[in-house]
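Source file work-v6.cif; content: mmCIF, C-alpha atoms.
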```
data_work
loop_
_atom_site.label_atom_id
_atom_site.label_comp_id
_atom_site.auth_asym_id
_atom_site.auth_seq_id
_atom_site.Cartn_x
_atom_site.Cartn_y
_atom_site.Cartn_z
CA MET A 1 25.87 -9.16 83.85
CA THR A 2 22.97 -11.01 85.50
CA PRO A 3 20.10 -8.65 86.38
CA GLN A 4 18.80 -8.73 89.91
CA THR A 5 15.20 -9.95 89.99
CA LEU A 6 12.33 -10.17 92.42
CA GLU A 7 13.05 -13.89 92.76
CA ASN A 8 16.48 -12.77 93.90
CA PRO A 9 15.42 -9.74 95.97
CA ILE A 10 17.76 -6.82 96.28
CA SER A 11 19.00 -6.31 99.78
CA ALA A 12 22.20 -5.53 101.54
CA ALA A 13 22.68 -9.31 101.65
CA THR A 14 22.84 -9.51 97.85
CA PHE A 15 24.88 -6.36 97.51
CA ASP A 16 27.52 -6.92 94.86
CA ARG A 17 30.11 -4.19 94.69
CA ALA A 18 31.52 -5.40 91.37
CA ILE A 19 28.13 -5.12 89.67
CA TRP A 20 26.66 -2.14 91.48
CA THR A 21 29.67 0.19 91.24
CA PRO A 22 29.55 0.54 87.43
CA LEU A 23 25.74 0.87 87.61
CA LEU A 24 26.03 3.77 90.06
CA GLU A 25 28.68 5.37 87.88
CA LEU A 26 26.56 4.92 84.75
CA SER A 27 23.48 6.33 86.51
CA ALA A 28 25.35 9.52 87.35
CA ARG A 29 26.91 9.83 83.92
CA GLU A 30 23.57 9.49 82.14
CA VAL A 31 21.95 12.19 84.26
CA PHE A 32 24.79 14.63 83.63
CA GLU A 33 24.91 13.90 79.91
CA ILE A 34 21.16 14.32 79.46
CA MET A 35 20.44 17.22 81.80
CA LEU A 36 23.74 19.13 81.79
CA TYR A 37 25.27 18.05 78.46
CA THR A 38 28.40 17.15 80.41
CA ARG A 39 30.53 14.03 80.35
CA LEU A 40 31.86 12.75 83.65
CA PRO A 41 35.20 10.95 83.43
CA LEU A 42 36.67 9.41 86.55
CA PHE A 43 38.48 11.99 88.65
CA GLY A 44 42.17 11.38 88.05
CA ALA A 45 43.82 13.14 90.95
CA SER A 46 43.28 12.02 94.51
CA ALA A 47 40.34 13.95 95.86
CA GLU A 48 40.63 15.33 99.38
CA LYS A 49 37.87 13.68 101.37
CA HIS A 50 36.52 16.83 102.97
CA VAL A 51 36.61 19.47 100.28
CA GLY A 52 32.98 18.81 99.41
CA GLU A 53 30.97 21.86 100.48
CA PHE A 54 27.57 20.89 99.13
CA THR A 55 25.96 17.52 99.71
CA ALA A 56 22.60 16.32 98.37
CA LEU A 57 21.07 13.24 99.97
CA VAL A 58 18.20 11.07 98.74
CA GLY A 59 16.89 8.28 100.93
CA LEU A 60 15.90 4.87 99.59
CA ALA A 61 13.24 2.85 101.36
CA GLY A 62 11.64 -0.47 100.49
CA SER A 63 13.38 -3.34 98.77
CA LEU A 64 16.48 -1.18 98.85
CA CYS A 65 17.17 0.84 102.02
CA GLY A 66 19.86 3.43 102.33
CA VAL A 67 21.05 6.74 100.98
CA ILE A 68 22.43 7.98 97.69
CA SER A 69 24.38 11.20 97.95
CA ILE A 70 26.39 13.48 95.75
CA ARG A 71 28.98 15.85 97.14
CA CYS A 72 30.98 18.62 95.51
CA THR A 73 32.58 22.01 95.99
CA GLU A 74 30.50 25.18 96.00
CA GLN A 75 31.96 26.18 92.66
CA ALA A 76 30.99 22.85 91.11
CA ALA A 77 27.48 23.10 92.59
CA ARG A 78 27.17 26.59 91.17
CA VAL A 79 28.18 25.44 87.69
CA MET A 80 25.79 22.47 87.85
CA ALA A 81 22.87 24.69 88.83
CA SER A 82 23.75 27.23 86.15
CA LYS A 83 23.81 24.56 83.46
CA MET A 84 20.46 23.16 84.53
CA LEU A 85 18.76 26.53 84.82
CA GLY A 86 20.40 28.24 81.86
CA ILE A 87 21.84 31.09 83.89
CA SER A 88 25.38 32.20 84.68
CA PRO A 89 27.12 30.67 87.72
CA GLU A 90 27.13 34.07 89.39
CA GLU A 91 23.34 34.28 89.15
CA VAL A 92 22.77 31.06 91.10
CA ASP A 93 21.13 31.91 94.43
CA ASN A 94 20.32 29.72 97.41
CA ASP A 95 17.22 28.29 95.74
CA GLY A 96 19.31 27.49 92.70
CA PHE A 97 21.42 25.10 94.73
CA ASP A 98 18.32 22.92 95.02
CA ALA A 99 19.30 21.79 91.53
CA LEU A 100 21.87 19.60 93.26
CA GLY A 101 19.01 17.82 95.02
CA GLU A 102 17.22 17.27 91.73
CA ILE A 103 20.37 15.78 90.26
CA ALA A 104 20.70 13.42 93.23
CA ASN A 105 17.05 12.47 92.88
CA MET A 106 17.49 11.64 89.21
CA ILE A 107 20.65 9.62 89.85
CA ALA A 108 18.85 7.65 92.57
CA GLY A 109 15.86 7.02 90.30
CA ASN A 110 18.09 6.05 87.42
CA PHE A 111 20.11 3.70 89.63
CA LYS A 112 17.13 1.85 91.08
CA ALA A 113 15.65 1.50 87.59
CA LYS A 114 18.79 -0.34 86.53
CA LEU A 115 18.21 -2.96 89.22
CA SER A 116 15.48 -5.09 87.70
CA GLY A 117 12.48 -5.50 89.98
CA VAL A 118 13.45 -2.72 92.36
CA GLY A 119 11.75 0.26 90.74
CA ASN A 120 8.22 -0.19 92.05
CA HIS A 121 9.36 -1.52 95.41
CA CYS A 122 11.71 1.26 96.41
CA MET A 123 10.63 4.79 97.31
CA LEU A 124 12.81 7.87 97.10
CA SER A 125 12.74 10.59 99.72
CA VAL A 126 12.63 14.29 99.00
CA PRO A 127 16.24 15.43 98.51
CA THR A 128 18.06 17.09 101.41
CA ILE A 129 20.86 19.59 100.84
CA ILE A 130 23.66 20.00 103.37
CA VAL A 131 25.83 23.10 103.05
CA GLY A 132 29.27 22.95 104.64
CA SER A 133 31.94 20.31 105.00
CA ASP A 134 32.42 20.15 108.76
CA TYR A 135 30.25 17.13 109.40
CA THR A 136 30.55 13.38 109.59
CA THR A 137 27.96 10.69 108.99
CA ARG A 138 27.59 7.46 110.91
CA SER A 139 25.96 4.43 109.41
CA LEU A 140 24.50 1.38 111.12
CA THR A 141 26.43 -0.68 108.61
CA GLY A 142 29.80 0.30 107.29
CA GLU A 143 30.39 -2.47 104.81
CA ASN A 144 27.90 -1.86 102.04
CA THR A 145 29.06 1.48 100.75
CA ILE A 146 30.08 2.34 97.21
CA GLU A 147 31.71 5.64 96.35
CA VAL A 148 32.82 6.80 92.93
CA VAL A 149 34.67 10.04 92.32
CA LEU A 150 33.89 11.62 88.97
CA ASP A 151 35.33 14.67 87.29
CA PHE A 152 32.91 17.54 86.87
CA ASP A 153 34.47 20.65 85.38
CA ASP A 154 37.92 19.56 86.66
CA LYS A 155 36.54 19.23 90.17
CA PRO A 156 35.72 16.09 92.13
CA LEU A 157 32.13 14.92 92.38
CA TRP A 158 31.57 12.16 94.89
CA VAL A 159 28.64 9.84 94.25
CA THR A 160 27.94 7.52 97.16
CA LEU A 161 25.53 4.67 97.78
CA GLU A 162 25.22 3.52 101.36
CA LEU A 163 22.97 0.55 102.00
CA HIS A 164 21.37 -0.33 105.31
CA ASP A 165 20.41 -3.83 106.41
CA MET B 1 -2.84 25.49 68.33
CA SER B 2 -0.71 28.58 67.87
CA GLN B 3 0.37 29.33 71.39
CA ILE B 4 0.39 26.98 74.33
CA ARG B 5 -0.67 28.12 77.79
CA THR B 6 0.99 25.81 80.26
CA LEU B 7 0.65 24.90 83.93
CA ILE B 8 3.67 23.26 85.57
CA VAL B 9 3.03 21.52 88.90
CA ASP B 10 6.03 20.46 90.98
CA ASP B 11 7.03 21.02 94.59
CA SER B 12 10.54 21.94 93.46
CA SER B 13 10.81 25.46 92.08
CA VAL B 14 14.07 24.47 90.40
CA MET B 15 12.36 21.58 88.64
CA ARG B 16 9.57 23.90 87.46
CA LYS B 17 12.18 26.20 85.92
CA ILE B 18 13.95 23.26 84.29
CA VAL B 19 10.71 21.99 82.78
CA GLU B 20 9.81 25.44 81.44
CA ARG B 21 13.28 25.84 79.99
CA SER B 22 13.02 22.43 78.30
CA LEU B 23 9.67 23.33 76.76
CA ARG B 24 11.15 26.49 75.28
CA GLN B 25 14.36 24.73 74.18
CA ALA B 26 12.19 22.15 72.44
CA GLY B 27 10.86 24.95 70.26
CA LEU B 28 7.29 24.72 71.52
CA ASP B 29 5.34 27.94 71.17
CA ILE B 30 4.72 28.58 74.85
CA SER B 31 2.74 31.78 75.37
CA SER B 32 2.47 31.68 79.13
CA VAL B 33 3.47 29.49 82.04
CA ILE B 34 1.87 29.38 85.46
CA GLU B 35 3.28 27.31 88.30
CA ALA B 36 2.00 25.50 91.35
CA GLY B 37 3.82 23.62 94.09
CA ASN B 38 1.19 20.89 94.54
CA GLY B 39 -2.08 19.61 93.16
CA ALA B 40 -4.29 21.65 95.47
CA ASP B 41 -2.63 24.93 94.52
CA ALA B 42 -2.86 23.93 90.87
CA LEU B 43 -6.62 23.36 91.15
CA GLY B 44 -6.91 26.80 92.71
CA LEU B 45 -5.05 28.39 89.82
CA LEU B 46 -7.26 26.60 87.32
CA ASP B 47 -10.28 28.37 88.79
CA THR B 48 -9.06 31.59 87.27
CA HIS B 49 -6.66 30.56 84.49
CA GLN B 50 -7.25 28.66 81.28
CA VAL B 51 -4.44 26.39 80.12
CA ASP B 52 -3.86 24.09 77.14
CA LEU B 53 -1.35 21.76 78.77
CA ILE B 54 -0.50 20.58 82.28
CA LEU B 55 2.82 19.03 83.23
CA SER B 56 2.75 17.53 86.70
CA ASP B 57 5.11 15.79 89.08
CA ILE B 58 3.70 12.78 90.93
CA ASN B 59 5.29 12.92 94.38
CA MET B 60 4.26 16.20 96.00
CA PRO B 61 3.11 17.24 99.48
CA VAL B 62 -0.49 18.32 100.26
CA MET B 63 -1.96 16.81 97.08
CA ASP B 64 0.12 14.50 94.91
CA GLY B 65 -0.05 14.24 91.15
CA LEU B 66 -2.28 11.17 91.14
CA GLU B 67 -4.97 12.83 93.25
CA PHE B 68 -4.61 15.99 91.18
CA VAL B 69 -5.32 14.08 87.97
CA ARG B 70 -8.24 12.29 89.61
CA GLN B 71 -9.79 15.58 90.72
CA LEU B 72 -9.29 17.18 87.31
CA GLN B 73 -11.49 14.49 85.81
CA THR B 74 -14.35 15.50 88.10
CA VAL B 75 -14.49 19.08 86.76
CA ASP B 76 -16.23 19.42 83.40
CA LYS B 77 -14.19 22.36 82.13
CA LEU B 78 -10.87 20.73 83.11
CA ARG B 79 -11.48 17.15 82.02
CA GLY B 80 -10.25 17.80 78.50
CA VAL B 81 -7.01 19.50 79.42
CA PRO B 82 -4.16 17.09 78.63
CA VAL B 83 -1.93 16.19 81.56
CA VAL B 84 1.58 14.82 81.12
CA MET B 85 3.19 13.38 84.23
CA ILE B 86 6.86 13.94 84.99
CA THR B 87 8.30 11.06 86.92
CA THR B 88 11.53 9.65 88.21
CA GLU B 89 12.85 6.48 86.61
CA GLY B 90 11.64 3.24 88.10
CA SER B 91 8.15 4.34 89.12
CA GLU B 92 6.14 2.27 86.67
CA SER B 93 3.24 1.58 89.02
CA ASN B 94 2.68 5.31 89.55
CA VAL B 95 2.76 5.92 85.82
CA VAL B 96 0.24 3.17 85.14
CA GLN B 97 -2.04 4.57 87.83
CA ALA B 98 -1.76 8.12 86.48
CA LEU B 99 -2.63 6.99 82.98
CA SER B 100 -5.62 5.02 84.27
CA LEU B 101 -6.83 8.13 86.11
CA GLY B 102 -6.74 10.25 82.98
CA ALA B 103 -3.19 11.46 82.35
CA LYS B 104 -2.37 11.46 78.65
CA GLY B 105 1.34 10.76 78.83
CA TYR B 106 4.47 10.80 80.91
CA ILE B 107 8.05 11.99 80.73
CA ARG B 108 10.80 10.28 82.67
CA LYS B 109 13.53 12.24 84.41
CA PRO B 110 16.21 12.82 83.24
CA PHE B 111 14.87 14.17 79.95
CA THR B 112 16.10 16.11 76.96
CA PRO B 113 14.11 18.93 75.33
CA ASP B 114 13.54 16.64 72.35
CA GLN B 115 12.03 14.00 74.62
CA VAL B 116 9.73 16.63 76.13
CA LYS B 117 8.61 17.64 72.67
CA GLU B 118 8.11 14.03 71.62
CA HIS B 119 5.76 13.42 74.54
CA VAL B 120 3.94 16.75 74.53
CA LEU B 121 3.09 17.20 70.84
CA PRO B 122 0.88 14.08 70.54
CA VAL B 123 -1.22 14.98 73.57
CA LEU B 124 -1.80 18.42 72.07
CA GLY B 125 -2.83 16.84 68.79
CA LEU B 126 0.10 18.49 67.00
#
```

Would you write the structure of this file as structure tokens?
Amino acid sequence: MTPQTLENPISAATFDRAIWTPLLELSAREVFEIMLYTRLPLFGASAEKHVGEFTALVGLAGSLCGVISIRCTEQAARVMASKMLGISPEEVDNDGFDALGEIANMIAGNFKAKLSGVGNHCMLSVPTIIVGSDYTTRSLTGENTIEVVLDFDDKPLWVTLELHD
Amino acid sequence: MSQIRTLIVDDSSVMRKIVERSLRQAGLDISSVIEAGNGADALGLLDTHQVDLILSDINMPVMDGLEFVRQLQTVDKLRGVPVVMITTEGSESNVVQALSLGAKGYIRKPFTPDQVKEHVLPVLGL
């Protein structure tokens, strides 16, 4: 795999789905293995598009512009927060769900670090959490989107990278 | 040092809890932990609390971690308190700047308790 470099700046124009998809997947897996001691296989069954009830978004700005998001069910978000905080899933309160934002932030940071030359030239936004599934997003560009569906605790976890021009 | 009094500075309360949990999981003898959501609040706490170790995020509202470290160096009684920055992957320029301002080390997110220990013990001289 040829690393992207500053001489070959990262942009939507150099977006390469074949290279970036496994990097996004690996970025998520590493965060879950290190912070939650959990392996994330690919989700085997077909995941209903709109069963995600919690979404965490992190914006990318600079040499890479776009959004990285993770989306999951409430139960999955509860288990993630409980594993990060060392409490039972039932003890997770509204503040506890912010853990999902921290996970998204770490995945975004991990992903940009894997693209050589991007790290110092791409800023991450503060994570935003959306609760509920009755929403749609519209992008200025629809082509440069990668989505992987991973299996967290037998539930789907969508990890999405959407790049803007 | 038998017991470590620690200040954790991060705008995310969840992240502060995760850092504290990691310190304890790492087996460090943490006697007390105080928390602040930004550098300015942390400086306020340090007026009335003595600590042996500071763990600080970099990107925070009001006063970020870089300015916090810079201001610590201007206060005689705080200059010697070791600061370890906690940073997201891929922020090398921020890390370099923090170290040049006086931070003693850094931990990259995501991190394991062992990694926390590995970075914290040397700055405490342990």

Exercise. Return as JSON, numbers by chain the residues belonging to chain A that are within 9 Å of chain B, counting all atoms listed in the file.
Key: {"A": [30, 31, 32, 34, 35, 81, 84, 85, 86, 95, 96, 97, 98, 99, 102, 103, 105, 106, 107, 108, 109, 110, 111, 112, 113, 114, 117, 118, 119, 120, 121, 122, 123, 126]}

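Listed by chain and then by number, the residues chosen by the PyMOL selection byres ((chain B and resi 105) around 7) in this file are B:Val83, B:Val84, B:Met85, B:Leu99, B:Ala103, B:Lys104, B:Tyr106, B:His119.
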
Exercise. Please evaluate the PyMOL selection byres ((chain A and resi 131) around 10) against the structure above and give the resulting residues as an NGL selection string.
Key: :A and (52-56 or 71 or 73-74 or 97 or 128-130 or 132-135)

Quiz prompt | For Leu124 of chain B, the nearest of the candidates B:Leu53, B:Ile34, B:Val96, B:Val62, counting all atoms listed in the file | solution =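 Of all the options, B:Leu53 lies closest to Leu124 of chain B.
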
Assuming 3 Å of padding per side, give the centre and edge lengths of the axis-aligned box around every listed atom of segment 43-48 of chain B, in Å to one decimal and as lines of an AutoDock Vina configuration file.
```
center_x = -7.7
center_y = 27.5
center_z = 90.0
size_x = 11.2
size_y = 14.2
size_z = 11.4
```

Practice problem: Any chance you could resolve the PyMOL selection byres ((chain B and resi 38-51) around 6) against this file and give the residues as a ChimeraX atom specification? | Solution: /B:5-6,9,11,36-37,52-53,60,63-64,68

Saved selection, atoms kept: C-alpha atoms, as a compact mmCIF listing (two decimals), keeping the file's coordinate frame:
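Full text of selection.txt as output:
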```txt
# COMPACT_ATOMS: atom_id res chain seq x y z
CA ARG B 5 -0.67 28.12 77.79
CA THR B 6 0.99 25.81 80.26
CA VAL B 9 3.03 21.52 88.90
CA ASP B 11 7.03 21.02 94.59
CA ALA B 36 2.00 25.50 91.35
CA GLY B 37 3.82 23.62 94.09
CA ASP B 52 -3.86 24.09 77.14
CA LEU B 53 -1.35 21.76 78.77
CA MET B 60 4.26 16.20 96.00
CA MET B 63 -1.96 16.81 97.08
CA ASP B 64 0.12 14.50 94.91
CA PHE B 68 -4.61 15.99 91.18
```

Excluding Leu60 of chain A and its own-chain neighbours fewer than 2 positions away, which residues fall within 9 Å of it when counting only C-alpha atoms? Please give them as a tab-separated table (two decimals) with C-alpha atoms, keeping the file's coordinate frame.
```
chain	number	residue	atom	x	y	z
A	58	VAL	CA	18.20	11.07	98.74
A	62	GLY	CA	11.64	-0.47	100.49
A	63	SER	CA	13.38	-3.34	98.77
A	64	LEU	CA	16.48	-1.18	98.85
A	65	CYS	CA	17.17	0.84	102.02
A	66	GLY	CA	19.86	3.43	102.33
A	67	VAL	CA	21.05	6.74	100.98
A	68	ILE	CA	22.43	7.98	97.69
A	108	ALA	CA	18.85	7.65	92.57
A	122	CYS	CA	11.71	1.26	96.41
A	123	MET	CA	10.63	4.79	97.31
A	124	LEU	CA	12.81	7.87	97.10
A	125	SER	CA	12.74	10.59	99.72
A	163	LEU	CA	22.97	0.55	102.00
```

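Computed from the coordinates, the atom CA of Leu115 of chain A to atom CA of Leu157 of chain A distance equals 22.9 Å.
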
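When atom CA of Ile19 of chain A is paired with atom CA of Leu42 of chain A, their separation reads 17.1 Å.
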
Exercise. Between atom CA of Asp57 of chain B and atom CA of Leu161 of chain A, measure the distance and give it in Å to one decimal.
Key: 24.8 Å

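Take the candidates B:Ala98, B:Gln71, B:Ile8, B:Leu78 and check each one against Val33 of chain B using only C-alpha atoms; the shortest distance goes to B:Ile8.
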
Exercise. Give as a ChimeraX atom specification each residue that has an atom at most 12 Å from (-1.6, 18.0, 69.0) in the file, counting only C-alpha atoms.
Key: /B:1-4,28,52-53,81-82,104,117-126

Quiz item: Within 10 Å of segment 145-154 of chain A, counting only C-alpha atoms, which residues qualify if same-chain residues fewer than 5 places away don't, as a ChimeraX atom specification?
Solution: /A:12,15-18,20-22,24-25,28-29,32,38-47,66-72,75-77,79-80,139,159-164

Will you model N, CA and C atoms for segment 9-29 of chain B and pass it back as a compact mmCIF listing (two decimals), in the coordinates of the input?
```
# COMPACT_ATOMS: atom_id res chain seq x y z
N VAL B 9 3.30 21.82 87.49
CA VAL B 9 3.03 21.52 88.90
C VAL B 9 4.17 20.65 89.45
N ASP B 10 4.91 21.20 90.37
CA ASP B 10 6.03 20.46 90.98
C ASP B 10 6.38 21.16 92.28
N ASP B 11 6.69 20.38 93.30
CA ASP B 11 7.03 21.02 94.59
C ASP B 11 8.42 21.62 94.57
N SER B 12 9.21 21.35 93.56
CA SER B 12 10.54 21.94 93.46
C SER B 12 10.50 23.10 92.48
N SER B 13 10.82 24.30 92.98
CA SER B 13 10.81 25.46 92.08
C SER B 13 11.89 25.32 91.02
N VAL B 14 13.00 24.69 91.38
CA VAL B 14 14.07 24.47 90.40
C VAL B 14 13.57 23.56 89.28
N MET B 15 12.86 22.51 89.66
CA MET B 15 12.36 21.58 88.64
C MET B 15 11.35 22.29 87.73
N ARG B 16 10.54 23.17 88.30
CA ARG B 16 9.57 23.90 87.46
C ARG B 16 10.31 24.75 86.42
N LYS B 17 11.40 25.38 86.86
CA LYS B 17 12.18 26.20 85.92
C LYS B 17 12.81 25.32 84.84
N ILE B 18 13.30 24.16 85.26
CA ILE B 18 13.95 23.26 84.29
C ILE B 18 12.94 22.77 83.25
N VAL B 19 11.74 22.46 83.71
CA VAL B 19 10.71 21.99 82.78
C VAL B 19 10.33 23.10 81.80
N GLU B 20 10.15 24.32 82.33
CA GLU B 20 9.81 25.44 81.44
C GLU B 20 10.92 25.67 80.42
N ARG B 21 12.15 25.62 80.89
CA ARG B 21 13.28 25.84 79.99
C ARG B 21 13.31 24.76 78.89
N SER B 22 13.02 23.52 79.29
CA SER B 22 13.02 22.43 78.30
C SER B 22 11.93 22.62 77.26
N LEU B 23 10.76 23.09 77.71
CA LEU B 23 9.67 23.33 76.76
C LEU B 23 10.09 24.38 75.72
N ARG B 24 10.74 25.42 76.20
CA ARG B 24 11.15 26.49 75.28
C ARG B 24 12.30 26.02 74.39
N GLN B 25 13.25 25.25 74.99
CA GLN B 25 14.36 24.73 74.18
C GLN B 25 13.86 23.77 73.11
N ALA B 26 12.75 23.11 73.40
CA ALA B 26 12.19 22.15 72.44
C ALA B 26 11.53 22.87 71.26
N GLY B 27 11.43 24.18 71.36
CA GLY B 27 10.86 24.95 70.26
C GLY B 27 9.35 25.03 70.29
N LEU B 28 8.76 24.63 71.41
CA LEU B 28 7.29 24.72 71.52
C LEU B 28 6.91 26.19 71.71
N ASP B 29 5.78 26.54 71.13
CA ASP B 29 5.34 27.94 71.17
C ASP B 29 4.57 28.19 72.47
```
